[in-house]
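*Asks:* There's a structure below that I have some questions on.
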Amino acid sequence: MSVLAVPGRRAVLADLVPGALARDIALVVAGAGLTGLAAQVALPVPGSPVPITGQTFAALLVGAALGWRRGGASMALYLVAGVAGVPWFQGASSGLPASLGYVVGFVLAGALVGHLAARGGDRTPLRTVGTMALGNLAIYACGVPWLMAAAGVGFGKALQLGVTPFLLGDVLKIALAAGLLPAAWALVKLVKRK
């Protein structure tokens with residue numbers, strides 16, 4: 001039994017991989033690495049210090065696939081290592097960027113999405129949409145206040161710089177997750193039947 005897994009709860013995708021502590025450590029490191037790679041897919045937003053990146057999508061998928069403990073730990077590793085100097089934030093950067101609050105939000109979102117996934121929040125498209133939307137809200141709840149402080153702007157301006165330009169992308173990422181995660185579970189069920 002994994003140290004990070006809990007008996008009596010529904011499985012998340014990572015629970016299907018054999019092993020225990022070594023598996024959990026590898027999955028946490030892999031989730032952080034995937035998020036770091038996804039951060040390199042970045043499009044600048046004119047007038048905003050926060051770019052559109054793939055890291056939000058990766059953080060939410062990591063949470064759903066790994067569960068709340070491993071997903072939260074993976075995002076915490078991503079945050080701490082990036083602040084400490086690992087160049088895996090957007091643009092191969094590290095340290096304390098203006099967008100760091102969003103990365104802090106990944107920790108909360110990874111745990112929240114993982115918690116919801118363990119309760120079936122990623123098994124159907126509709127539930128996945130709700131799960132991912134809540135994960136995005138958690139990211140914004142941390143990112144917007146940090147952006148306000150880092151950029152010296154008020155709440156309205158922070159929403160204009162750090163939320164509004166990303167809503168369409170968030171909808172597309174949520175739609176993609178709503179197709180991927182339930183499909184992964186359908187594939188798992190199909191393979192288990194054989």
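Simple scheme: letters A, B, ... for chains in structure tokens order, numbers from 1 for residues in each chain, numbers from 1 for ligands in the order shown.
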What residues in stretch 5-137 of chain A get the DSSP label helix (DSSP H, G or I)? Please answer as a PyMOL selection string.
*Replies:* chain A and resi 13-16+21-39+55-84+90-92+100-117+125-137
*Asks:* Residues at most 10 Å from stretch 131-141 of chain A, counting only C-alpha atoms, excluding those fewer than 2 positions away in the same chain, as an NGL selection string?
*Replies:* :A and (56-57 or 59-61 or 63-64 or 101-117 or 120-122 or 125-129 or 143-147 or 159 or 162-163 or 167 or 170-171 or 173-175 or 177-178)
*Asks:* I need the residues in stretch 29-121 of chain A that are strand (DSSP E) according to DSSP; give them as an MDAnalysis selection string.
*Replies:* chainID A and resid 42:43 52:53
*Asks:* Those same residues - C-alpha atoms - I'd like them written as a compact mmCIF listing (two decimals), in the first residue's frame.
*Replies:*
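Full text of again-v3.txt as output:
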# COMPACT_ATOMS: atom_id res chain seq x y z
CA ALA A 42 3.86 30.07 -23.32
CA LEU A 43 2.17 32.86 -25.22
CA ILE A 52 -0.86 31.92 -21.29
CA THR A 53 0.94 28.64 -20.57
*Asks:* Between atom CA of A:Gly154 and atom CA of A:Leu96, what distance in Å does the model show, to one decimal?
*Replies:*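 Taking atom CA of A:Gly154 and atom CA of A:Leu96, their separation equals 19.9 Å.
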*Asks:* Quick one: residues within 10 Å of A:Leu16, only C-alpha atoms counted, chain neighbours fewer than 4 positions away excluded, as a list of chain:residue names?
*Replies:*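 Listing them by chain and then by number gives A:Ala11, A:Val12, A:Val188.
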*Asks:* In Å to one decimal, how far is atom CA of A:Lys194 from atom CA of A:Leu66?
*Replies:* 24.3 Å
*Asks:* When you count only C-alpha atoms, which of these residues is closest to A:Phe89: A:Pro44, A:Gly19, A:Gly33, A:Gly72?
*Replies:* A:Gly33
*Asks:* Between atom CA of A:Cys142 and atom CA of A:Leu37, what is the spacing in Å?
*Replies:*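 Rounded to one decimal, the two atoms are 21.8 Å apart.
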*Asks:* Please determine, counting only C-alpha atoms, which residue among A:Ala65, A:Ala58, A:Val83, A:Ala92 has the shortest atom-to-atom distance to A:Ala14.
*Replies:*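 Among the listed residues, the smallest separation from A:Ala14 belongs to A:Ala65.
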